[in-house]
Amino acid sequence: MLEVEYFEEVGTGLGPTLEFYSLVSKEFARRDLKLWRDGDQSLPGAHVHHPLGLFPAPMSTDDSGNDKGL
């Protein structure tokens, strides 16, 4: 079991833990990471949009050796 507690925050338990998972999952869905297939790149915003969910984006052999500083 993982429970997240933020420094100098009043709440602990399920609320902050769910907020942590929400923030982390949103960061993984950023377009600039190029981790996921994007259903419509013309939609505004910094995050991937796909009507059926997230699907891994193909990676070329050239990209596999380039971690882009991550």
# chains A, B, ... in the order shown; residues from 1 in each chain; ligands from 1

call {"tool": "select_by_dssp", "arguments": {"residues": "chain A", "states": "helix (DSSP H, G or I)", "output": "list in words"}}
result
Leu14, Gly15, Pro16, Thr17, Leu18, Glu19, Phe20, Tyr21, Ser22, Leu23, Val24, Ser25, Lys26, Glu27, Phe28, Arg31, Asp32, Leu33, Thr61, Asp62, Asp63 and Ser64 of chain A

call {"tool": "atom_distance", "arguments": {"atom1": "CA of Val48 in chain A", "atom2": "CA of Arg31 in chain A"}}
result
5.4 Å

call {"tool": "closest_residue", "arguments": {"among": "A:Ala29, A:Leu18, A:Val4, A:Leu23", "to": "Phe55 in chain A", "atoms": "only C-alpha atoms"}}
result
A:Ala29

call {"tool": "residues_around", "arguments": {"residues": "Gly15 in chain A", "least_positions_apart": "4", "cutoff": "10 Å", "atoms": "only C-alpha atoms", "output": "VMD selection string"}}
result
chain A and resid 3 to 5 11 19 to 20

call {"tool": "atom_distance", "arguments": {"atom1": "CA of Ser60 in chain A", "atom2": "CA of Ser42 in chain A"}}
result
23.0 Å
